[in-house]
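Structure data follow from model-v4.txt (compact mmCIF, C-alpha atoms):
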```
# COMPACT_ATOMS: atom_id res chain seq x y z
CA MET A 1 0.00 0.00 0.00
CA SER A 2 1.37 3.36 -0.87
CA TYR A 3 0.37 6.78 0.26
CA GLU A 4 0.43 9.86 -1.77
CA ILE A 5 1.06 12.72 0.53
CA LYS A 6 0.19 16.16 -0.56
CA LEU A 7 1.80 18.55 1.82
CA ASP A 8 0.89 22.16 1.73
CA ILE A 9 3.80 24.39 2.35
CA PHE A 10 3.18 26.62 5.28
CA GLU A 11 4.81 29.92 5.92
CA GLY A 12 4.84 29.31 9.65
CA PRO A 13 2.67 28.20 12.55
CA LEU A 14 0.10 30.96 12.03
CA ASP A 15 -0.24 29.96 8.40
CA LEU A 16 -0.80 26.34 9.38
CA LEU A 17 -3.38 27.36 11.94
CA LEU A 18 -5.24 29.53 9.42
CA TYR A 19 -5.20 26.61 7.02
CA LEU A 20 -6.76 24.31 9.62
CA ILE A 21 -9.40 26.89 10.45
CA ARG A 22 -10.31 27.29 6.80
CA LYS A 23 -10.24 23.56 6.14
CA ASN A 24 -12.65 22.89 9.02
CA GLU A 25 -14.79 25.89 8.10
CA ILE A 26 -14.48 27.24 11.58
CA ASP A 27 -15.46 30.69 12.78
CA ILE A 28 -12.18 32.34 13.63
CA TYR A 29 -13.80 34.14 16.59
CA ASN A 30 -14.94 30.86 18.08
CA ILE A 31 -12.18 28.33 17.58
CA PRO A 32 -12.86 24.86 19.03
CA ILE A 33 -9.47 24.67 20.67
CA ALA A 34 -9.52 20.94 21.44
CA LEU A 35 -10.19 20.02 17.81
CA ILE A 36 -7.70 22.47 16.35
CA THR A 37 -5.00 21.56 18.85
CA ALA A 38 -5.36 17.87 18.01
CA GLN A 39 -5.16 18.56 14.27
CA TYR A 40 -2.27 20.96 14.70
CA LEU A 41 -0.29 18.40 16.69
CA ALA A 42 -1.10 15.72 14.13
CA TYR A 43 0.35 17.95 11.43
CA LEU A 44 3.49 18.53 13.45
CA GLU A 45 3.80 14.78 13.92
CA MET A 46 3.46 14.23 10.20
CA MET A 47 6.03 16.89 9.41
CA ARG A 48 8.40 15.30 11.87
CA SER A 49 7.92 11.86 10.42
CA LEU A 50 8.77 13.28 7.01
CA ASN A 51 11.97 14.62 8.49
CA LEU A 52 10.94 18.15 7.66
CA ASP A 53 12.81 20.76 9.50
CA LEU A 54 10.47 21.78 12.23
CA ALA A 55 11.18 25.33 13.26
CA GLY A 56 10.93 26.15 16.93
CA GLU A 57 8.05 28.54 16.26
CA TYR A 58 5.77 25.61 15.47
CA LEU A 59 6.43 24.17 18.89
CA VAL A 60 5.86 27.51 20.59
CA LEU A 61 2.43 27.76 19.06
CA ALA A 62 1.72 24.15 19.99
CA SER A 63 2.42 24.97 23.61
CA THR A 64 0.29 28.10 23.36
CA LEU A 65 -2.60 26.02 22.06
CA ILE A 66 -2.23 23.46 24.84
CA HIS A 67 -2.02 26.24 27.37
CA ILE A 68 -5.24 27.80 26.08
CA LYS A 69 -6.92 24.42 26.06
CA SER A 70 -5.98 23.81 29.70
CA LYS A 71 -7.20 27.28 30.67
CA LEU A 72 -10.56 26.59 29.07
CA LEU A 73 -10.88 23.36 31.01
CA LEU A 74 -10.20 24.93 34.38
CA PRO A 75 -12.89 26.82 36.26
CA PRO A 76 -12.40 30.61 36.13
CA ASP A 77 -9.86 31.87 38.61
CA GLU A 78 -11.68 33.34 41.62
CA SER A 79 -8.78 35.52 42.65
CA GLU A 80 -8.86 37.47 39.42
CA GLY A 81 -11.82 39.43 40.69
CA GLU A 82 -15.39 39.15 39.60
CA GLU A 83 -15.79 42.47 37.85
CA GLU A 84 -13.92 41.09 34.84
CA GLU A 85 -15.88 38.45 33.11
CA GLY A 86 -12.65 36.46 32.68
CA GLU A 87 -11.21 37.26 29.29
CA ASP A 88 -11.44 34.54 26.66
CA PRO A 89 -8.02 32.84 26.69
CA ARG A 90 -8.28 32.56 22.93
CA ALA A 91 -8.60 36.32 22.41
CA GLU A 92 -4.91 37.08 21.98
CA LEU A 93 -4.37 34.26 19.52
CA VAL A 94 -7.44 35.28 17.51
CA GLN A 95 -6.12 38.84 17.34
CA GLN A 96 -2.80 37.57 16.07
CA LEU A 97 -4.46 35.37 13.47
CA LEU A 98 -6.64 38.19 12.22
CA GLU A 99 -3.67 40.50 11.92
CA TYR A 100 -1.61 37.90 10.10
CA GLN A 101 -4.50 37.19 7.75
CA ILE A 102 -4.63 40.86 6.75
CA PHE A 103 -0.94 40.90 5.92
CA LYS A 104 -1.28 37.69 3.94
CA GLU A 105 -3.92 39.44 1.89
CA ALA A 106 -1.65 42.50 1.58
CA ALA A 107 1.16 40.23 0.31
CA LEU A 108 -1.20 38.72 -2.25
CA ARG A 109 -2.21 42.18 -3.45
CA LEU A 110 1.43 43.14 -3.81
CA GLU A 111 2.12 40.06 -5.88
CA ASN A 112 -0.85 40.76 -8.13
CA ARG A 113 0.32 44.24 -8.97
CA PRO A 114 1.85 44.81 -12.40
CA LEU A 115 5.43 44.03 -11.49
CA LEU A 116 8.45 45.53 -13.18
CA GLU A 117 10.21 43.00 -15.41
CA ARG A 118 7.31 40.58 -15.07
CA ASP A 119 4.27 42.50 -16.32
CA VAL A 120 5.56 45.92 -17.19
CA PHE A 121 8.85 46.86 -18.71
CA THR A 122 10.81 50.03 -19.05
CA ARG A 123 12.70 51.00 -22.16
CA GLY A 124 15.42 48.41 -22.78
CA ALA A 125 15.96 48.33 -19.07
CA PRO A 126 18.56 46.00 -17.69
CA GLY A 127 17.49 43.87 -14.77
CA GLU A 128 18.49 46.40 -12.26
CA ALA A 129 19.19 50.09 -12.30
CA PRO A 130 22.84 50.66 -11.62
CA SER A 131 23.67 52.00 -8.23
CA ALA A 132 25.24 55.39 -7.85
CA ALA A 133 28.64 53.79 -7.35
CA GLU A 134 28.45 51.84 -10.59
CA GLU A 135 27.42 54.93 -12.51
CA GLU A 136 30.71 56.51 -11.63
CA GLY A 137 32.20 54.70 -14.59
CA GLU A 138 35.26 53.48 -12.81
CA ALA A 139 35.22 50.59 -10.45
CA MET A 140 34.83 51.77 -6.91
CA MET A 141 35.81 49.74 -3.95
CA GLU A 142 34.26 50.02 -0.59
CA VAL A 143 36.56 51.49 2.02
CA GLY A 144 36.78 50.75 5.68
CA VAL A 145 37.81 52.64 8.73
CA PHE A 146 41.55 52.51 8.01
CA GLU A 147 41.31 54.24 4.65
CA LEU A 148 39.11 56.86 6.28
CA VAL A 149 41.62 57.46 9.04
CA ALA A 150 44.36 57.87 6.44
CA ALA A 151 42.22 60.38 4.54
CA PHE A 152 41.50 62.20 7.77
CA ARG A 153 45.22 62.51 8.48
CA ARG A 154 45.88 63.92 5.02
CA ILE A 155 43.17 66.51 5.42
CA VAL A 156 44.28 67.60 8.86
CA ALA A 157 47.89 67.80 7.68
CA GLY A 158 46.77 70.05 4.85
CA PHE A 159 44.81 72.40 7.08
CA ASP A 160 46.84 72.48 10.19
CA ARG A 161 48.04 76.05 10.15
CA PRO A 162 47.88 77.56 13.62
CA GLU A 163 46.38 80.90 12.59
CA GLU A 164 43.27 79.15 11.34
CA LEU A 165 42.65 77.37 14.59
CA GLU A 166 40.76 80.16 16.21
CA ILE A 167 38.47 79.43 19.09
CA ASP A 168 35.02 78.91 17.81
CA ALA A 169 32.20 79.61 20.17
CA GLU A 170 29.75 77.86 17.90
CA LYS A 171 28.25 74.89 19.66
CA MET A 172 28.21 71.77 17.62
CA SER A 173 26.97 68.36 18.57
CA LEU A 174 27.64 65.06 16.94
CA ALA A 175 23.92 64.50 16.42
CA ASP A 176 23.59 67.84 14.59
CA ARG A 177 26.52 67.02 12.38
CA ILE A 178 25.09 63.56 11.60
CA ASN A 179 21.81 65.12 10.59
CA GLU A 180 23.54 67.75 8.49
CA ILE A 181 25.54 65.10 6.69
CA MET A 182 22.49 62.94 6.04
CA GLU A 183 20.67 65.98 4.68
CA MET A 184 23.52 66.94 2.40
CA LEU A 185 23.88 63.38 1.16
CA SER A 186 20.20 62.89 0.44
CA GLU A 187 20.31 66.09 -1.57
CA LYS A 188 23.49 65.43 -3.52
CA GLN A 189 23.47 61.59 -3.50
CA GLN A 190 27.22 61.51 -3.09
CA MET A 191 29.92 63.72 -1.68
CA THR A 192 33.61 63.46 -1.08
CA PHE A 193 35.07 63.60 2.35
CA VAL A 194 36.65 66.98 1.58
CA GLU A 195 33.37 68.41 0.34
CA LEU A 196 31.66 67.35 3.52
CA ILE A 197 34.16 69.18 5.64
CA GLY A 198 33.70 72.27 3.51
CA ASP A 199 36.07 75.19 3.36
CA ARG A 200 35.77 76.02 7.03
CA THR A 201 38.71 74.38 8.52
CA ASP A 202 38.40 74.61 12.25
CA ARG A 203 39.58 71.54 13.98
CA ARG A 204 36.41 70.83 15.85
CA ARG A 205 34.38 70.76 12.66
CA ILE A 206 36.79 68.35 11.03
CA ILE A 207 36.74 66.06 14.04
CA TYR A 208 32.98 66.09 14.35
CA THR A 209 32.60 65.41 10.66
CA PHE A 210 34.95 62.48 10.95
CA LEU A 211 33.18 61.08 14.01
CA ALA A 212 29.79 61.52 12.34
CA ILE A 213 30.98 59.60 9.28
CA LEU A 214 32.31 56.78 11.44
CA GLU A 215 29.04 56.62 13.34
CA LEU A 216 26.97 56.61 10.15
CA MET A 217 29.12 53.87 8.68
CA LYS A 218 28.71 51.83 11.81
CA LEU A 219 24.96 52.24 11.54
CA ARG A 220 25.24 51.26 7.88
CA MET A 221 23.43 54.37 6.83
CA ILE A 222 26.18 55.51 4.53
CA ARG A 223 28.87 53.75 2.55
CA ALA A 224 32.29 54.96 1.59
CA TYR A 225 33.87 54.13 -1.75
CA GLN A 226 37.22 54.93 -3.26
CA SER A 227 38.19 54.64 -6.90
CA GLY A 228 41.68 53.41 -6.10
CA PRO A 229 44.46 53.81 -3.59
CA PHE A 230 44.68 57.52 -2.61
CA GLY A 231 41.62 58.33 -4.75
CA ALA A 232 39.05 60.67 -3.32
CA ILE A 233 36.79 58.92 -0.84
CA ARG A 234 33.17 59.31 -1.82
CA LEU A 235 30.32 58.83 0.58
CA PHE A 236 26.94 57.55 -0.49
CA LEU A 237 23.70 56.95 1.32
CA ALA A 238 23.59 53.24 2.02
CA VAL A 239 20.39 52.88 0.04
CA GLU A 240 18.37 55.18 -2.10
CA GLY A 241 15.64 57.00 -0.32
CA MET B 1 3.57 74.98 -25.31
CA GLU B 2 3.59 72.08 -27.76
CA GLU B 3 7.33 72.31 -27.93
CA LYS B 4 7.55 72.00 -24.14
CA VAL B 5 5.45 68.83 -24.18
CA ALA B 6 7.78 67.41 -26.81
CA ILE B 7 10.82 68.27 -24.72
CA ILE B 8 9.33 66.66 -21.64
CA GLU B 9 8.39 63.56 -23.60
CA ALA B 10 11.97 63.30 -24.85
CA LEU B 11 13.36 63.82 -21.37
CA ILE B 12 11.23 61.05 -19.92
CA PHE B 13 12.23 58.79 -22.78
CA ALA B 14 15.91 59.42 -22.24
CA SER B 15 15.85 59.25 -18.47
CA GLU B 16 16.95 56.03 -16.81
CA THR B 17 14.87 56.57 -13.71
CA PRO B 18 11.40 58.07 -13.24
CA LEU B 19 11.71 61.75 -14.10
CA THR B 20 10.49 64.19 -11.49
CA ALA B 21 8.90 67.56 -12.14
CA GLU B 22 11.69 69.17 -10.10
CA ARG B 23 14.28 67.79 -12.47
CA VAL B 24 12.40 69.13 -15.50
CA VAL B 25 12.21 72.59 -13.92
CA GLU B 26 15.99 72.50 -13.50
CA ILE B 27 16.42 71.63 -17.16
CA LEU B 28 13.77 73.88 -18.69
CA PRO B 29 14.33 77.44 -17.59
CA GLY B 30 11.32 79.66 -17.02
CA THR B 31 8.98 76.89 -16.00
CA ASP B 32 7.58 76.01 -12.62
CA LYS B 33 6.59 72.76 -11.03
CA LYS B 34 2.89 73.38 -11.39
CA GLU B 35 3.17 73.87 -15.12
CA ILE B 36 5.29 70.76 -15.55
CA VAL B 37 2.85 68.62 -13.57
CA LEU B 38 0.07 69.81 -15.88
CA LEU B 39 2.13 68.93 -18.93
CA PHE B 40 2.91 65.51 -17.48
CA GLY B 41 -0.82 64.96 -17.12
CA GLU B 42 -1.37 66.01 -20.71
CA LEU B 43 1.18 63.48 -21.92
CA VAL B 44 -0.35 60.71 -19.82
CA ARG B 45 -3.73 61.34 -21.43
CA GLU B 46 -2.22 61.52 -24.90
CA TYR B 47 -0.73 58.06 -24.54
CA GLU B 48 -3.94 56.68 -23.09
CA GLN B 49 -6.13 58.05 -25.86
CA ARG B 50 -3.82 56.77 -28.53
CA GLY B 51 -4.27 53.24 -27.19
CA SER B 52 -0.53 53.05 -27.11
CA GLY B 53 1.40 49.95 -26.10
CA VAL B 54 3.46 52.19 -23.93
CA CYS B 55 1.93 54.14 -21.12
CA LEU B 56 3.25 56.97 -19.06
CA ARG B 57 3.04 56.11 -15.39
CA GLU B 58 3.75 58.08 -12.26
CA ILE B 59 6.29 56.00 -10.38
CA ALA B 60 8.01 56.84 -7.11
CA GLY B 61 7.28 60.54 -7.49
CA GLY B 62 8.46 60.76 -11.09
CA PHE B 63 7.23 59.77 -14.55
CA GLN B 64 8.36 56.83 -16.61
CA PHE B 65 7.31 55.06 -19.78
CA ARG B 66 6.26 51.50 -19.11
CA THR B 67 4.79 48.89 -21.37
CA ARG B 68 1.13 48.04 -20.93
CA ALA B 69 0.69 45.19 -18.45
CA ASP B 70 -1.54 43.18 -20.81
CA LEU B 71 1.21 43.07 -23.40
CA ALA B 72 3.59 41.25 -21.06
CA PRO B 73 3.39 37.85 -22.84
CA TRP B 74 4.89 39.36 -26.00
CA ILE B 75 7.63 41.21 -24.22
CA ARG B 76 8.59 38.11 -22.30
CA LYS B 77 9.27 36.43 -25.62
CA LEU B 78 11.73 39.19 -26.36
CA LYS B 79 13.48 38.95 -23.04
CA THR B 80 15.65 36.09 -22.03
CA GLY B 81 15.43 34.59 -18.61
CA ARG B 82 12.56 34.46 -16.19
CA PRO B 83 11.79 37.38 -13.97
CA ALA B 84 13.10 36.99 -10.46
CA MET B 85 10.15 36.25 -8.25
CA LEU B 86 9.83 36.84 -4.56
CA SER B 87 8.98 33.92 -2.31
CA GLN B 88 5.80 33.92 -0.26
CA ALA B 89 7.88 34.53 2.87
CA ALA B 90 9.57 37.51 1.24
CA LEU B 91 6.25 38.95 0.05
CA GLU B 92 4.64 38.66 3.47
CA THR B 93 7.66 40.25 5.12
CA LEU B 94 7.68 43.02 2.53
CA ALA B 95 3.96 43.64 3.09
CA VAL B 96 4.47 43.99 6.83
CA VAL B 97 7.36 46.42 6.30
CA ALA B 98 5.43 48.43 3.71
CA TYR B 99 2.42 48.94 5.95
CA ARG B 100 4.02 49.20 9.36
CA GLN B 101 7.18 51.13 8.57
CA PRO B 102 9.30 52.32 10.22
CA LEU B 103 9.53 49.18 12.34
CA VAL B 104 11.98 46.79 13.96
CA LYS B 105 12.51 43.14 13.09
CA ALA B 106 10.93 41.87 16.33
CA GLU B 107 7.63 43.41 15.21
CA ILE B 108 7.76 41.60 11.86
CA ASP B 109 8.60 38.35 13.67
CA ARG B 110 5.60 38.83 15.92
CA ILE B 111 3.15 39.51 13.11
CA ARG B 112 4.32 36.66 10.92
CA GLY B 113 4.89 34.28 13.85
CA VAL B 114 8.27 33.20 12.48
CA ASP B 115 11.83 34.43 12.50
CA VAL B 116 12.09 36.66 9.44
CA SER B 117 15.90 37.06 9.40
CA GLY B 118 16.34 35.21 6.12
CA ALA B 119 13.51 36.92 4.29
CA LEU B 120 14.58 40.33 5.56
CA LYS B 121 18.16 39.79 4.46
CA GLY B 122 16.98 38.88 0.97
CA LEU B 123 14.83 42.01 0.78
CA LEU B 124 17.75 44.18 1.92
CA GLU B 125 19.95 42.62 -0.74
CA LYS B 126 17.33 43.23 -3.40
CA LYS B 127 17.15 46.83 -2.15
CA LEU B 128 13.40 46.60 -1.61
CA VAL B 129 13.87 47.27 2.09
CA ARG B 130 16.42 49.53 3.71
CA ILE B 131 17.71 50.39 7.13
CA VAL B 132 16.17 53.68 8.20
CA GLY B 133 18.00 54.04 11.48
CA ARG B 134 18.05 52.65 14.96
CA LYS B 135 15.42 52.73 17.63
CA ASP B 136 16.38 54.55 20.80
CA VAL B 137 15.68 51.68 23.18
CA PRO B 138 18.08 49.27 24.86
CA GLY B 139 19.94 47.24 22.27
CA LYS B 140 19.32 49.94 19.65
CA PRO B 141 17.45 47.64 17.27
CA ILE B 142 17.58 48.47 13.58
CA ILE B 143 14.54 50.16 12.05
CA TYR B 144 13.47 49.12 8.56
CA GLY B 145 11.47 50.77 5.79
CA THR B 146 10.81 50.31 2.09
CA THR B 147 12.90 51.90 -0.67
CA ARG B 148 12.28 53.90 -3.80
CA LYS B 149 13.08 50.72 -5.69
CA PHE B 150 10.18 49.04 -3.93
CA LEU B 151 7.87 51.65 -5.50
CA GLU B 152 9.50 51.15 -8.90
CA VAL B 153 9.25 47.36 -8.84
CA PHE B 154 5.66 47.34 -7.62
CA ASN B 155 4.54 50.02 -10.05
CA LEU B 156 3.55 52.47 -7.34
CA ARG B 157 3.27 56.23 -7.37
CA ASP B 158 3.71 56.26 -3.60
CA LEU B 159 2.77 54.16 -0.59
CA SER B 160 -0.72 55.61 -0.47
CA GLU B 161 -1.52 53.79 -3.69
CA LEU B 162 -1.61 50.53 -1.72
CA PRO B 163 -4.99 49.48 -0.34
CA THR B 164 -5.28 50.45 3.32
CA LEU B 165 -5.20 47.79 6.03
CA ARG B 166 -8.81 48.68 6.82
CA GLU B 167 -9.85 48.01 3.24
CA LEU B 168 -8.09 44.65 3.38
CA LYS B 169 -9.74 43.86 6.68
CA ASP B 170 -13.23 44.76 5.51
CA LEU B 171 -12.70 42.58 2.50
CA GLN B 172 -12.33 39.54 4.70
CA GLU B 173 -15.42 40.03 6.73
```
Here is a file; write its structure as structure tokens.
Amino acid sequence: MSYEIKLDIFEGPLDLLLYLIRKNEIDIYNIPIALITAQYLAYLEMMRSLNLDLAGEYLVLASTLIHIKSKLLLPPDESEGEEEEGEDPRAELVQQLLEYQIFKEAALRLENRPLLERDVFTRGAPGEAPSAAEEEGEAMMEVGVFELVAAFRRIVAGFDRPEELEIDAEKMSLADRINEIMEMLSEKQQMTFVELIGDRTDRRRIIYTFLAILELMKLRMIRAYQSGPFGAIRLFLAVEG
Amino acid sequence: MEEKVAIIEALIFASETPLTAERVVEILPGTDKKEIVLLFGELVREYEQRGSGVCLREIAGGFQFRTRADLAPWIRKLKTGRPAMLSQAALETLAVVAYRQPLVKAEIDRIRGVDVSGALKGLLEKKLVRIVGRKDVPGKPIIYGTTRKFLEVFNLRDLSELPTLRELKDLQE
């Protein structure tokens, strides 16, 4: 005797649960927990016997279901006070299912839109629009902290004339500088390190600019590229936006 | 006037990315945004009325020529290779990001009931989702949002062109 097993692919425990609810034609607001729990566990058993990788999330939901089932069996807890009519232990799960269902529908709507390169096409478009770095024409390589430090040294060496290091009463914070840099970059798409510092060469500004760039790189909000050793370092927003 | 429409048409044709009204104003001296938007509208109608195989669509805040969706079977014959499709997991993750942005990964995990690390990584690589910043709570979790490319790929003018969550909810009841 041979079985033919048709296994629906589920996107996760919530998906499986929704499937069971639909299959049994159950009202989502009034889930017969005992029935659904039994079917859910049977599915897990089947998946296990097929050596399918059973993600931990499936087990978490299984324990949630069993927990709800046990709560429904027990008499209402007296200590919880009588003013509350004892909330339905299923309520939270139902809420989660409803929310997930909406996003499943949203995903379906997205997929049914006229998609670029599937349903609609632009003029002789390649698969992907080239990124700003690729448009530069020459190959750019991503630079790390060390190249930046080297560039920083070169700039400071170039500027470091004592008469320009006047005391600047202007208050500057790192956060302000970060915001300024992000603003400038979203406007111009790309800037060199030198451009970002500008022609005002007080030490504090240079240092804050440098720190802001390091911070932004750490956060992966900007990327630094260089066209070759000692080439100008160009900074780009990490992604278009 | 007619000359301006022709110039704009040519600009859109030659532009690699959706062309914004701001960009046209930069190029065409003596015009303003309002005028350009009107001319864009005129062009859109012209292409529609002509029953053209190419239509002018507003995409991600700019305008771009795109082939008519119902002609896709012919164009696919021209193109080699199959279009890269997103998996169901990726689509669901993308939907959650699109509607709930800006948001952290834990929120996506909660809504989908699974760990979305893999799906999210794929979406970041495809540049459909981007890192917007970090949330100012312990651990500084990363905040995600959709990109301009997301609008381009899904043929959207802006996010408001998507059906609202309420509309989707009502549909189910």
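If you measure from each of B:Phe63, B:Tyr144, B:Trp74, B:Tyr99 to A:Glu99 using only C-alpha atoms, the closest one turns out to be B:Tyr99.
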(message) Please determine, counting all atoms listed in the file, which residue among A:Arg118, A:Arg223, A:Lys218, A:Arg48 has the shortest atom-to-atom distance to chain B.
(response)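 Checking each candidate against chain B, we get A:Arg118 as the closest.
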(message) Show me, as a list in words, the residues that have an atom within 10 Å of B:Ala21 when counting all atoms listed in the file, minus same-chain residues fewer than 4 positions from it.
(response) Ile8, Val25, Glu26, Ile27, Asp32, Lys33, Lys34, Glu35, Ile36, Val37, Leu38, Leu39, Phe40, Gly61, Gly62 and Phe63 of chain B
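Restricting the calculation to all atoms listed in the file, the smallest distance between chain B and any of A:Phe10, A:Tyr40, A:Tyr29, A:Tyr100 is found for A:Tyr100.
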(message) Using only C-alpha atoms and a cut-off of 9 Å, which residues of chain A sit close to chain B? Please list them as number ranges by chain.
(response) A: 11-15, 55-58, 61, 96-111, 113-123, 125, 127, 129, 219-221, 238-241
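The nearest approach to A:Gln226 among the residues A:Val143, A:Ile181, A:Ile213, A:Ile207, with all atoms listed in the file taken into account, belongs to A:Val143.
Atom CA of A:Asn112 is positioned 24.5 Å from atom CA of B:Ser117.
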(request) One decimal, Å: what's the distance from atom CA of B:Glu107 over to atom CA of A:Leu17, could you say? (result)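 The value is 19.7 Å.
Atom pair atom CA of A:Ala38 / atom CA of A:Lys23: separated by 14.0 Å.
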5 Å per side around stretch 103-107 of chain A: axis-aligned box centre and edge lengths, as lines of an AutoDock Vina configuration file:
```
center_x = -1.4
center_y = 40.1
center_z = 3.1
size_x = 15.1
size_y = 14.8
size_z = 15.6
```
(message) Which residues are close to A:Phe152, i.e. within 10 Å by only C-alpha atoms, leaving aside same-chain residues fewer than 4 positions away? Reply as a PyMOL selection string.
(response) chain A and resi 146-148+156-158+193-194+206-207+209-210
(message) For A:Ile178, find every residue with an atom within 9 Å (counting only C-alpha atoms), except residues of its own chain fewer than 2 positions away, and show them as a list in words.
(response) Ser173, Leu174, Ala175, Asp176, Glu180, Ile181, Met182, Glu183, Tyr208, Thr209, Leu211, Ala212, Ile213, Glu215 and Leu216 of chain A
(request) Find, counting all atoms listed in the file, the residue in A:Met184, A:Ala151, A:Pro75, A:Leu16 that gets nearest to A:Gly198. (result)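 Of A:Met184, A:Ala151, A:Pro75, A:Leu16, the one nearest A:Gly198, counting all atoms listed in the file, is A:Met184.
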